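Below you'll find the structure, written out as structure tokens, and then a few comments.
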Amino acid sequence: MKLRNRVLLSIGIVWVTFIGIASLSSGFLEPALRTLPPPAVHYYYLVNFVLLGGGISLVLAAVLDRLVIRRLEKLNQDINEISEKNELSRRVDASGNDELSTVSGEINRMLGIIEASQGKLEQRVEERTEQLKTTNMHLEQEIQERKSIEKELIVHKEHLVRLAHYDSLTALPNRVLFNGTLNKAIAAAARHQRKLAILFIDIDRFKNINDAFGHATGDRLLREIAHRLSTVLRADDILARLGGDEFIILLNDVGSTSLVSSVAEKLIQTCSQPVKIDGREFFVTASVGICVYPDDGNSLEGLQKNADMAMYRAKRSGGGTFQYFTQEMNTEAHEHAQLETALRKAIRNNEFALHFQPKLDVKQGTITGAEALIRWESPELGFVSPARFIPLAENSGLIMAIGEWTLREACRIIRKWQDDGYPSIKIAVNLSSKQFRHQDVPKLVKDILEETKLDPCWLELEITETAVMDDVDTAINTMKEISALGITIAMDDFGTGYTSISYLKRFPVSILKVDQSFVKEVPDHPDDCAIVTGIIALAHSLNMKVVAEGVETVEQMQFLADNDCDIVQGYYLGRPLPAEKFSEMLRSEKMPETTVSST
């Protein structure tokens with residue numbers, strides 16, 4: 001039953017009771033009331049009604065307080081506590097079967113919904129919080145990675161800058177940094193009308209150390225030399241490494257050449273001191289080329305080029321010295337460049353020719369062979385001496401092509417002479433040191449012999465001591481391969497190099513050629529006479545023949561004949577002749593008259 005119905009029922013009961021009591025009291029008291037005057041009766045009923053109404057009110061108030069107000073207060077208190085303490089899991093009292101209990105039930109249902117919603121919300125908040133934590137952690141990691149990458153980029157940038165401007169081996173400025181510094185120095189010197197000097201330094205014969213002891217030893221030597229050079233300079237001077245064994249120095253504000261010369265002498269002196277590496281002592285020298293701004297040039301390229309030319313002049317002087325740039329060097333450099341251009345054109349246009357210088361068998365008095373000598377008649381430069389273009393060909397690498405042409409042309413001419421019926425003689429061809437070391441000579445010779453169809457017995461190859469002694473074991477193997485083809489090997493310029501006799505007996509050499517520098521002074525100088533006779537005796541003891549070149553006088557010829565020299569050649573017998581004229585001499589078998597008496 002609902003609360004409203006119960007309250008109405010209670011009021012009705014009270015009211016019925018009240019009516020009943022009033023009726024009963026009226027019945028019992030009616031006789032007495034009739035005796036009373038009407039106003040008294042009215043008061044009687046009024047008092048009873050008031051008393052009865054007050055009682056009913058008290059009963060109703062008690063009933064309302066018990067059934068409604070207390071429960072409402074309790075409900076309100078519970079709701080406030082739940083709200084203040086946020087205890088959504090707590091529920092209000094919903095007992096009973098009235099409207100208030102229904103309200104309480106709705107409140108509990110709403111609390112359940114709110115609790116479930118809050119749980120989901122808290123779960124979503126937690127999930128979002130975890131996502132934010134994860135995202136934040138990733139962001140922190142990314143920030144750290146970015147910072148690390150930025151740091152690495154800075155380090156790499158610094159490293160690249162250093163690589164771009166400093167030499168990795170010696171930590172000295174490199175060409176790029178030096179050129180930038182030199183340009184600024186030139187501009188400053190021009191403004192203040194000052195002089196500066198460029199010193200180009202090259203370590204003499206450094207390649208020999210690299211080849212003999214390896215690049216690791218060579219690198220340590222370069223680092224030590226770089227340190228020594230830096231100790232000679234002033235604080236505002238610049239030392240840089242250009243590469244290999246080349247260094248360059250900028251001397252700022254030089255008042256006179258005496259200061260520059262003093263620095264150059266100190267550089268050469270400090271380089272000449274022995275360098276100890278792994279218990280070994282290495283002795284090197286330095287060649288220094290010097291040019292002065294503005295006297296010898298006013299640009300970076302001009303100053304460096306002129307200092308480089310001066311350095312090469314110092315190196316050609318023997319090394320271990322310094323040389324100032326002169327205008328004559330510039331002229332010489334232009335001539336050198338012109339000559340090289342003409343030489344390359346000569347190779348393309350086949351401007352060379354072979355001349356042949358006869359060799360005389362001293363005992364038989366007959367031509368036993370000839371040496372093929374290259375000649376160059378340039379359409380632009382005229383006749384160019386071999387003494388000029390052969391060293392140039394060696395330095396520029398053109399000697400490889402020239403040497404191959406010479407060998408092929410000599411074999412072709414010999415074969416042609418044989419086909420034309422001329423007496424067969426052996427022709428000697430020179431092999432340059434570079435060609436012998438860097439070309440597969442045995443295969444080249446074999447291919448040319450097969451191409452020209454020449455019997456190897458008619459070919460003699462002359463190899464210098466220097467070419468052989470640079471790498472003895474390799475040279476021996478190469479000479480054995482050549483000898484196995486049936487070709488005679490002669491050692492040219494013997495006595496001017498440093499051949500050890502212990503090596504000489506291992507070489508497959510059949511002929512020793514006495515250098516003309518010894519023949520030139522016989523028989524007037526006892527020392528040269530002793531050297532020549534010693535070489536002849538040494539060769540004969542090793543079953544070798546001896547050829548003396550540069551014979552120009554009858555006295556020289558007689559001395560050689562008296563001391564059992566086997567073969568001679570030189571201007572005394574005849575100058576080198578073109579192939580056509582030499583073939584005519586072969587046909588006539590005529591030789592210049594000699595006054596040598598047999599002994």
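Ordering of the structure tokens sets the chain letters (A, B, ...); residue numbers start at 1 within each chain; ligands are numbered from 1 in the order shown.
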Per DSSP on the backbone, what are the helix (DSSP H, G or I) residues of stretch 252-499 of chain A, as a tab-separated table (two decimals) with N, CA and C atoms, in the first residue's frame?
chain	number	residue	atom	x	y	z
A	257	THR	N	115.87	38.40	-48.27
A	257	THR	CA	116.08	37.00	-48.67
A	257	THR	C	117.01	36.28	-47.70
A	258	SER	N	117.78	37.02	-46.93
A	258	SER	CA	118.68	36.36	-45.98
A	258	SER	C	117.90	35.59	-44.93
A	259	LEU	N	116.75	36.13	-44.52
A	259	LEU	CA	115.90	35.41	-43.57
A	259	LEU	C	115.38	34.13	-44.21
A	260	VAL	N	114.95	34.23	-45.46
A	260	VAL	CA	114.42	33.05	-46.16
A	260	VAL	C	115.52	32.00	-46.31
A	261	SER	N	116.71	32.42	-46.69
A	261	SER	CA	117.82	31.48	-46.85
A	261	SER	C	118.14	30.80	-45.53
A	262	SER	N	118.11	31.57	-44.45
A	262	SER	CA	118.39	31.01	-43.13
A	262	SER	C	117.37	29.93	-42.76
A	263	VAL	N	116.09	30.21	-43.03
A	263	VAL	CA	115.05	29.23	-42.75
A	263	VAL	C	115.24	27.98	-43.61
A	264	ALA	N	115.56	28.18	-44.90
A	264	ALA	CA	115.77	27.04	-45.80
A	264	ALA	C	116.93	26.18	-45.33
A	265	GLU	N	118.01	26.80	-44.89
A	265	GLU	CA	119.16	26.03	-44.39
A	265	GLU	C	118.79	25.23	-43.14
A	266	LYS	N	117.98	25.83	-42.26
A	266	LYS	CA	117.56	25.11	-41.05
A	266	LYS	C	116.65	23.94	-41.40
A	267	LEU	N	115.79	24.14	-42.38
A	267	LEU	CA	114.91	23.05	-42.82
A	267	LEU	C	115.72	21.88	-43.35
A	268	ILE	N	116.69	22.19	-44.20
A	268	ILE	CA	117.52	21.14	-44.79
A	268	ILE	C	118.33	20.44	-43.71
A	269	GLN	N	118.84	21.23	-42.77
A	269	GLN	CA	119.66	20.66	-41.70
A	269	GLN	C	118.84	19.73	-40.80
A	270	THR	N	117.64	20.16	-40.43
A	270	THR	CA	116.84	19.32	-39.53
A	270	THR	C	116.37	18.05	-40.22
A	271	CYS	N	116.15	18.12	-41.54
A	271	CYS	CA	115.74	16.91	-42.27
A	271	CYS	C	116.89	15.92	-42.41
A	272	SER	N	118.11	16.43	-42.45
A	272	SER	CA	119.27	15.55	-42.68
A	272	SER	C	119.66	14.76	-41.43
A	300	LEU	N	98.43	33.01	-56.33
A	300	LEU	CA	98.64	31.71	-55.67
A	300	LEU	C	99.23	30.70	-56.65
A	301	GLU	N	98.62	30.58	-57.82
A	301	GLU	CA	99.09	29.59	-58.79
A	301	GLU	C	100.51	29.88	-59.25
A	302	GLY	N	100.79	31.15	-59.53
A	302	GLY	CA	102.11	31.50	-60.00
A	302	GLY	C	103.19	31.26	-58.97
A	303	LEU	N	102.92	31.62	-57.71
A	303	LEU	CA	103.91	31.43	-56.66
A	303	LEU	C	104.20	29.94	-56.43
A	304	GLN	N	103.14	29.13	-56.37
A	304	GLN	CA	103.35	27.71	-56.13
A	304	GLN	C	104.05	27.05	-57.32
A	305	LYS	N	103.67	27.43	-58.53
A	305	LYS	CA	104.32	26.85	-59.72
A	305	LYS	C	105.80	27.22	-59.75
A	306	ASN	N	106.12	28.45	-59.45
A	306	ASN	CA	107.52	28.86	-59.51
A	306	ASN	C	108.34	28.21	-58.38
A	307	ALA	N	107.76	28.09	-57.20
A	307	ALA	CA	108.47	27.41	-56.11
A	307	ALA	C	108.70	25.95	-56.46
A	308	ASP	N	107.72	25.33	-57.12
A	308	ASP	CA	107.85	23.93	-57.53
A	308	ASP	C	108.98	23.78	-58.55
A	309	MET	N	109.05	24.70	-59.51
A	309	MET	CA	110.14	24.64	-60.49
A	309	MET	C	111.49	24.79	-59.83
A	310	ALA	N	111.59	25.69	-58.86
A	310	ALA	CA	112.86	25.89	-58.15
A	310	ALA	C	113.23	24.63	-57.37
A	311	MET	N	112.22	23.96	-56.79
A	311	MET	CA	112.49	22.73	-56.04
A	311	MET	C	113.07	21.65	-56.96
A	312	TYR	N	112.48	21.51	-58.16
A	312	TYR	CA	112.99	20.50	-59.09
A	312	TYR	C	114.41	20.83	-59.56
A	313	ARG	N	114.70	22.10	-59.66
A	313	ARG	CA	116.09	22.47	-60.00
A	313	ARG	C	117.03	22.05	-58.86
A	314	ALA	N	116.60	22.26	-57.61
A	314	ALA	CA	117.42	21.83	-56.47
A	314	ALA	C	117.58	20.31	-56.46
A	315	LYS	N	116.52	19.59	-56.82
A	315	LYS	CA	116.59	18.13	-56.83
A	315	LYS	C	117.53	17.64	-57.93
A	316	ARG	N	117.47	18.29	-59.11
A	316	ARG	CA	118.36	17.90	-60.20
A	316	ARG	C	119.81	18.23	-59.88
A	327	GLN	N	113.90	33.57	-63.66
A	327	GLN	CA	113.13	33.63	-64.90
A	327	GLN	C	113.65	32.60	-65.91
A	328	GLU	N	114.94	32.25	-65.82
A	328	GLU	CA	115.48	31.23	-66.72
A	328	GLU	C	114.76	29.89	-66.50
A	329	MET	N	114.39	29.63	-65.27
A	329	MET	CA	113.64	28.39	-65.00
A	329	MET	C	112.30	28.42	-65.70
A	330	ASN	N	111.67	29.57	-65.71
A	330	ASN	CA	110.38	29.69	-66.37
A	330	ASN	C	110.52	29.44	-67.86
A	331	THR	N	111.58	30.02	-68.43
A	331	THR	CA	111.84	29.79	-69.85
A	331	THR	C	112.10	28.32	-70.12
A	332	GLU	N	112.89	27.73	-69.24
A	332	GLU	CA	113.20	26.31	-69.38
A	332	GLU	C	111.94	25.45	-69.26
A	333	ALA	N	111.04	25.84	-68.33
A	333	ALA	CA	109.81	25.08	-68.15
A	333	ALA	C	108.94	25.16	-69.40
A	334	HIS	N	108.87	26.36	-70.01
A	334	HIS	CA	108.10	26.50	-71.24
A	334	HIS	C	108.71	25.65	-72.35
A	335	GLU	N	110.03	25.64	-72.44
A	335	GLU	CA	110.69	24.82	-73.45
A	335	GLU	C	110.44	23.33	-73.17
A	336	HIS	N	110.46	22.98	-71.89
A	336	HIS	CA	110.21	21.60	-71.51
A	336	HIS	C	108.80	21.19	-71.93
A	337	ALA	N	107.82	22.06	-71.66
A	337	ALA	CA	106.43	21.76	-72.04
A	337	ALA	C	106.29	21.67	-73.55
A	338	GLN	N	106.95	22.59	-74.27
A	338	GLN	CA	106.91	22.57	-75.73
A	338	GLN	C	107.52	21.28	-76.27
A	339	LEU	N	108.65	20.89	-75.64
A	339	LEU	CA	109.33	19.67	-76.09
A	339	LEU	C	108.47	18.44	-75.83
A	340	GLU	N	107.81	18.40	-74.68
A	340	GLU	CA	106.96	17.25	-74.38
A	340	GLU	C	105.78	17.15	-75.35
A	341	THR	N	105.18	18.30	-75.67
A	341	THR	CA	104.09	18.30	-76.64
A	341	THR	C	104.57	17.79	-77.99
A	342	ALA	N	105.74	18.26	-78.42
A	342	ALA	CA	106.30	17.82	-79.70
A	342	ALA	C	106.64	16.33	-79.65
A	343	LEU	N	107.10	15.85	-78.49
A	343	LEU	CA	107.46	14.44	-78.37
A	343	LEU	C	106.22	13.55	-78.47
A	344	ARG	N	105.14	13.97	-77.86
A	344	ARG	CA	103.90	13.19	-77.97
A	344	ARG	C	103.42	13.16	-79.43
A	345	LYS	N	103.56	14.29	-80.10
A	345	LYS	CA	103.17	14.34	-81.51
A	345	LYS	C	104.10	13.45	-82.34
A	346	ALA	N	105.38	13.41	-81.97
A	346	ALA	CA	106.33	12.58	-82.71
A	346	ALA	C	105.97	11.10	-82.62
A	347	ILE	N	105.49	10.69	-81.44
A	347	ILE	CA	105.08	9.28	-81.27
A	347	ILE	C	103.88	8.98	-82.16
A	348	ARG	N	102.89	9.92	-82.22
A	348	ARG	CA	101.71	9.70	-83.06
A	348	ARG	C	102.07	9.70	-84.54
A	349	ASN	N	103.00	10.59	-84.93
A	349	ASN	CA	103.31	10.77	-86.36
A	349	ASN	C	104.51	9.95	-86.82
A	386	PRO	N	119.14	13.01	-78.40
A	386	PRO	CA	118.61	12.04	-77.43
A	386	PRO	C	118.87	12.45	-75.98
A	387	ALA	N	119.96	13.21	-75.77
A	387	ALA	CA	120.27	13.66	-74.42
A	387	ALA	C	119.18	14.60	-73.89
A	388	ARG	N	118.40	15.22	-74.80
A	388	ARG	CA	117.30	16.09	-74.40
A	388	ARG	C	115.99	15.34	-74.24
A	389	PHE	N	115.64	14.52	-75.23
A	389	PHE	CA	114.29	13.96	-75.19
A	389	PHE	C	114.19	12.63	-74.45
A	390	ILE	N	115.31	11.89	-74.31
A	390	ILE	CA	115.22	10.61	-73.60
A	390	ILE	C	114.93	10.83	-72.10
A	391	PRO	N	115.64	11.75	-71.40
A	391	PRO	CA	115.27	11.99	-69.99
A	391	PRO	C	113.83	12.49	-69.85
A	392	LEU	N	113.39	13.33	-70.80
A	392	LEU	CA	112.02	13.80	-70.77
A	392	LEU	C	111.05	12.64	-70.94
A	393	ALA	N	111.37	11.73	-71.85
A	393	ALA	CA	110.52	10.56	-72.06
A	393	ALA	C	110.48	9.68	-70.82
A	394	GLU	N	111.61	9.57	-70.12
A	394	GLU	CA	111.66	8.79	-68.89
A	394	GLU	C	110.75	9.39	-67.83
A	395	ASN	N	110.84	10.71	-67.64
A	395	ASN	CA	110.07	11.38	-66.58
A	395	ASN	C	108.58	11.43	-66.89
A	396	SER	N	108.23	11.52	-68.16
A	396	SER	CA	106.82	11.66	-68.54
A	396	SER	C	106.14	10.33	-68.79
A	399	ILE	N	108.58	6.96	-72.43
A	399	ILE	CA	109.65	6.03	-72.79
A	399	ILE	C	109.12	4.64	-73.08
A	400	MET	N	107.96	4.30	-72.49
A	400	MET	CA	107.40	2.97	-72.73
A	400	MET	C	107.04	2.81	-74.20
A	401	ALA	N	106.34	3.79	-74.75
A	401	ALA	CA	105.95	3.72	-76.16
A	401	ALA	C	107.17	3.83	-77.06
A	402	ILE	N	108.10	4.72	-76.70
A	402	ILE	CA	109.31	4.90	-77.52
A	402	ILE	C	110.17	3.64	-77.51
A	403	GLY	N	110.31	3.04	-76.31
A	403	GLY	CA	111.12	1.82	-76.21
A	403	GLY	C	110.52	0.67	-77.00
A	404	GLU	N	109.21	0.54	-76.96
A	404	GLU	CA	108.56	-0.54	-77.73
A	404	GLU	C	108.74	-0.31	-79.23
A	405	TRP	N	108.59	0.97	-79.65
A	405	TRP	CA	108.78	1.27	-81.08
A	405	TRP	C	110.22	0.94	-81.51
A	406	THR	N	111.18	1.31	-80.68
A	406	THR	CA	112.59	1.07	-81.01
A	406	THR	C	112.86	-0.42	-81.17
A	407	LEU	N	112.37	-1.21	-80.25
A	407	LEU	CA	112.60	-2.65	-80.30
A	407	LEU	C	111.95	-3.26	-81.54
A	408	ARG	N	110.74	-2.89	-81.82
A	408	ARG	CA	110.03	-3.45	-83.00
A	408	ARG	C	110.71	-3.02	-84.30
A	409	GLU	N	111.09	-1.73	-84.37
A	409	GLU	CA	111.72	-1.22	-85.60
A	409	GLU	C	113.08	-1.87	-85.83
A	410	ALA	N	113.84	-2.07	-84.78
A	410	ALA	CA	115.16	-2.71	-84.91
A	410	ALA	C	115.00	-4.14	-85.43
A	411	CYS	N	114.05	-4.89	-84.86
A	411	CYS	CA	113.83	-6.26	-85.31
A	411	CYS	C	113.34	-6.30	-86.76
A	412	ARG	N	112.49	-5.34	-87.11
A	412	ARG	CA	111.99	-5.29	-88.49
A	412	ARG	C	113.13	-5.04	-89.47
A	413	ILE	N	114.03	-4.10	-89.12
A	413	ILE	CA	115.15	-3.76	-90.02
A	413	ILE	C	116.12	-4.93	-90.14
A	414	ILE	N	116.43	-5.57	-89.03
A	414	ILE	CA	117.35	-6.72	-89.08
A	414	ILE	C	116.80	-7.78	-90.02
A	415	ARG	N	115.50	-8.07	-89.82
A	415	ARG	CA	114.89	-9.10	-90.66
A	415	ARG	C	114.90	-8.69	-92.13
A	416	LYS	N	114.68	-7.41	-92.41
A	416	LYS	CA	114.69	-6.94	-93.80
A	416	LYS	C	116.08	-7.09	-94.40
A	417	TRP	N	117.12	-6.74	-93.61
A	417	TRP	CA	118.49	-6.91	-94.10
A	417	TRP	C	118.75	-8.37	-94.44
A	418	GLN	N	118.31	-9.25	-93.61
A	418	GLN	CA	118.51	-10.67	-93.86
A	418	GLN	C	117.77	-11.12	-95.12
A	419	ASP	N	116.52	-10.62	-95.29
A	419	ASP	CA	115.76	-10.99	-96.48
A	419	ASP	C	116.39	-10.42	-97.74
A	433	SER	N	115.39	1.78	-67.92
A	433	SER	CA	115.13	1.24	-66.58
A	433	SER	C	113.64	1.12	-66.33
A	434	LYS	N	112.89	2.15	-66.72
A	434	LYS	CA	111.44	2.13	-66.47
A	434	LYS	C	110.77	1.04	-67.29
A	435	GLN	N	111.20	0.87	-68.52
A	435	GLN	CA	110.61	-0.17	-69.36
A	435	GLN	C	110.93	-1.55	-68.80
A	436	PHE	N	112.14	-1.74	-68.33
A	436	PHE	CA	112.55	-3.04	-67.80
A	436	PHE	C	111.77	-3.39	-66.53
A	437	ARG	N	111.51	-2.36	-65.69
A	437	ARG	CA	110.85	-2.61	-64.41
A	437	ARG	C	109.34	-2.71	-64.53
A	438	HIS	N	108.75	-1.94	-65.41
A	438	HIS	CA	107.30	-1.81	-65.38
A	438	HIS	C	106.59	-2.44	-66.58
A	441	VAL	N	108.59	-7.35	-70.20
A	441	VAL	CA	109.56	-7.34	-71.30
A	441	VAL	C	109.66	-8.70	-72.00
A	442	PRO	N	109.76	-9.82	-71.27
A	442	PRO	CA	109.86	-11.11	-71.98
A	442	PRO	C	108.71	-11.34	-72.96
A	443	LYS	N	107.50	-11.04	-72.55
A	443	LYS	CA	106.35	-11.25	-73.45
A	443	LYS	C	106.39	-10.26	-74.61
A	444	LEU	N	106.77	-9.01	-74.31
A	444	LEU	CA	106.85	-8.01	-75.37
A	444	LEU	C	107.88	-8.43	-76.42
A	445	VAL	N	109.04	-8.86	-75.97
A	445	VAL	CA	110.10	-9.26	-76.90
A	445	VAL	C	109.66	-10.48	-77.71
A	446	LYS	N	109.06	-11.44	-77.04
A	446	LYS	CA	108.60	-12.65	-77.74
A	446	LYS	C	107.57	-12.31	-78.80
A	447	ASP	N	106.62	-11.43	-78.47
A	447	ASP	CA	105.59	-11.05	-79.43
A	447	ASP	C	106.20	-10.33	-80.63
A	448	ILE	N	107.18	-9.45	-80.38
A	448	ILE	CA	107.80	-8.71	-81.48
A	448	ILE	C	108.62	-9.65	-82.37
A	449	LEU	N	109.32	-10.60	-81.76
A	449	LEU	CA	110.10	-11.57	-82.55
A	449	LEU	C	109.17	-12.40	-83.43
A	450	GLU	N	108.04	-12.81	-82.88
A	450	GLU	CA	107.09	-13.59	-83.68
A	450	GLU	C	106.47	-12.73	-84.78
A	451	GLU	N	106.22	-11.47	-84.45
A	451	GLU	CA	105.62	-10.56	-85.44
A	451	GLU	C	106.56	-10.31	-86.60
A	452	THR	N	107.86	-10.08	-86.31
A	452	THR	CA	108.84	-9.77	-87.35
A	452	THR	C	109.53	-11.01	-87.91
A	456	PRO	N	115.84	-15.09	-82.52
A	456	PRO	CA	116.31	-14.37	-81.32
A	456	PRO	C	117.82	-14.25	-81.21
A	457	CYS	N	118.56	-15.12	-81.89
A	457	CYS	CA	120.03	-15.08	-81.75
A	457	CYS	C	120.63	-13.82	-82.32
A	458	TRP	N	119.88	-13.09	-83.15
A	458	TRP	CA	120.40	-11.86	-83.76
A	458	TRP	C	120.03	-10.61	-82.97
A	465	GLU	N	122.87	-1.04	-65.15
A	465	GLU	CA	123.04	-1.52	-63.77
A	465	GLU	C	121.91	-1.02	-62.87
A	466	THR	N	121.52	0.23	-63.05
A	466	THR	CA	120.49	0.82	-62.19
A	466	THR	C	119.18	0.05	-62.29
A	467	ALA	N	118.80	-0.32	-63.51
A	467	ALA	CA	117.55	-1.07	-63.69
A	467	ALA	C	117.61	-2.41	-62.99
A	468	VAL	N	118.75	-3.03	-63.01
A	468	VAL	CA	118.90	-4.37	-62.43
A	468	VAL	C	118.93	-4.32	-60.91
A	469	MET	N	119.62	-3.34	-60.34
A	469	MET	CA	119.87	-3.33	-58.90
A	469	MET	C	118.71	-2.77	-58.08
A	472	VAL	N	116.77	-6.80	-57.31
A	472	VAL	CA	117.67	-7.79	-57.88
A	472	VAL	C	116.96	-9.09	-58.22
A	473	ASP	N	116.18	-9.63	-57.28
A	473	ASP	CA	115.54	-10.93	-57.51
A	473	ASP	C	114.58	-10.88	-58.70
A	474	THR	N	113.77	-9.84	-58.76
A	474	THR	CA	112.85	-9.70	-59.89
A	474	THR	C	113.62	-9.52	-61.19
A	475	ALA	N	114.70	-8.73	-61.14
A	475	ALA	CA	115.52	-8.50	-62.33
A	475	ALA	C	116.13	-9.81	-62.84
A	476	ILE	N	116.60	-10.63	-61.92
A	476	ILE	CA	117.21	-11.91	-62.32
A	476	ILE	C	116.18	-12.79	-63.01
A	477	ASN	N	114.98	-12.86	-62.45
A	477	ASN	CA	113.93	-13.67	-63.06
A	477	ASN	C	113.57	-13.16	-64.45
A	478	THR	N	113.50	-11.83	-64.58
A	478	THR	CA	113.17	-11.24	-65.89
A	478	THR	C	114.27	-11.55	-66.90
A	479	MET	N	115.53	-11.39	-66.48
A	479	MET	CA	116.64	-11.66	-67.40
A	479	MET	C	116.70	-13.14	-67.79
A	480	LYS	N	116.36	-14.02	-66.86
A	480	LYS	CA	116.36	-15.45	-67.19
A	480	LYS	C	115.28	-15.76	-68.23
A	481	GLU	N	114.13	-15.11	-68.12
A	481	GLU	CA	113.07	-15.32	-69.11
A	481	GLU	C	113.51	-14.81	-70.48
A	482	ILE	N	114.21	-13.68	-70.49
A	482	ILE	CA	114.70	-13.13	-71.77
A	482	ILE	C	115.76	-14.05	-72.36
A	483	SER	N	116.67	-14.48	-71.51
A	483	SER	CA	117.75	-15.35	-71.97
A	483	SER	C	117.20	-16.68	-72.50
A	484	ALA	N	116.12	-17.16	-71.89
A	484	ALA	CA	115.52	-18.43	-72.32
A	484	ALA	C	114.96	-18.34	-73.73
Write out as number ranges by chain each polymer residue whose atoms come within 8 Å of stretch 188-201 of chain A, counting only C-alpha atoms; drop sequence neighbours fewer than 4 positions from it.
A: 184, 246-255, 260, 264, 286-294, 303-304, 307-308, 311
Leaving out A:Phe383 and any residue of its chain fewer than 6 positions from it, which residues lie within 12 Å of it when counting only C-alpha atoms, given as a VMD selection string?
chain A and resid 339 342 351 to 353 374 to 377 389
Output file for the residues above (N, CA and C atoms, as a tab-separated table (two decimals), in the first residue's frame):
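selection.tsv, freshly written:
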chain	number	residue	atom	x	y	z
A	339	LEU	N	108.65	20.89	-75.64
A	339	LEU	CA	109.33	19.67	-76.09
A	339	LEU	C	108.47	18.44	-75.83
A	342	ALA	N	105.74	18.26	-78.42
A	342	ALA	CA	106.30	17.82	-79.70
A	342	ALA	C	106.64	16.33	-79.65
A	351	GLU	N	107.81	10.07	-86.08
A	351	GLU	CA	108.88	10.96	-86.54
A	351	GLU	C	110.27	10.44	-86.18
A	352	PHE	N	110.36	9.27	-85.58
A	352	PHE	CA	111.66	8.76	-85.15
A	352	PHE	C	112.30	7.92	-86.26
A	353	ALA	N	113.59	7.76	-86.09
A	353	ALA	CA	114.35	6.89	-87.00
A	353	ALA	C	115.45	6.21	-86.20
A	374	ILE	N	118.21	5.62	-81.31
A	374	ILE	CA	117.06	6.37	-81.80
A	374	ILE	C	117.44	7.81	-82.09
A	375	ARG	N	116.88	8.35	-83.17
A	375	ARG	CA	117.09	9.74	-83.54
A	375	ARG	C	115.72	10.37	-83.85
A	376	TRP	N	115.66	11.69	-83.57
A	376	TRP	CA	114.39	12.40	-83.76
A	376	TRP	C	114.63	13.68	-84.52
A	377	GLU	N	114.01	13.76	-85.71
A	377	GLU	CA	114.04	14.97	-86.53
A	377	GLU	C	112.64	15.57	-86.49
A	389	PHE	N	115.64	14.52	-75.23
A	389	PHE	CA	114.29	13.96	-75.19
A	389	PHE	C	114.19	12.63	-74.45
What residues in stretch 167-368 of chain A get the DSSP label strand (DSSP E or B)? Please answer as a PyMOL selection string.
chain A and resi 173+196-203+238-243+246-251+275-277+280-282+286-293+322-324+352-361+366-368
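For the choices A:Arg90, A:Arg241, A:Lys545, A:Arg128, the atom-to-atom distance to A:Gly112 is smallest for A:Arg90 when using only C-alpha atoms.
Minimum distance to A:Cys529 across A:Met585, A:Val429, A:Leu354, A:Leu560 (counting only C-alpha atoms) occurs at A:Leu560.
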Between atom CA of A:Pro508 and atom CA of A:Ile531, what is the spacing in Å?
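Separation of atom CA of A:Ile531 and atom CA of A:Pro508: 22.6 Å.
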Any idea what's packed within 9 Å of stretch 80-82 of chain A, counting only C-alpha atoms, ignoring anything in its chain fewer than 6 positions away? Could you give it as a VMD selection string?
chain A and resid 88 to 92
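With atom CA of A:Asn430 on one side and atom CA of A:Ile487 on the other, the separation reads 13.1 Å.
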One decimal, in Å: what's the spacing between atom CA of A:Gln364 and atom CA of A:Glu580?
24.9 Å
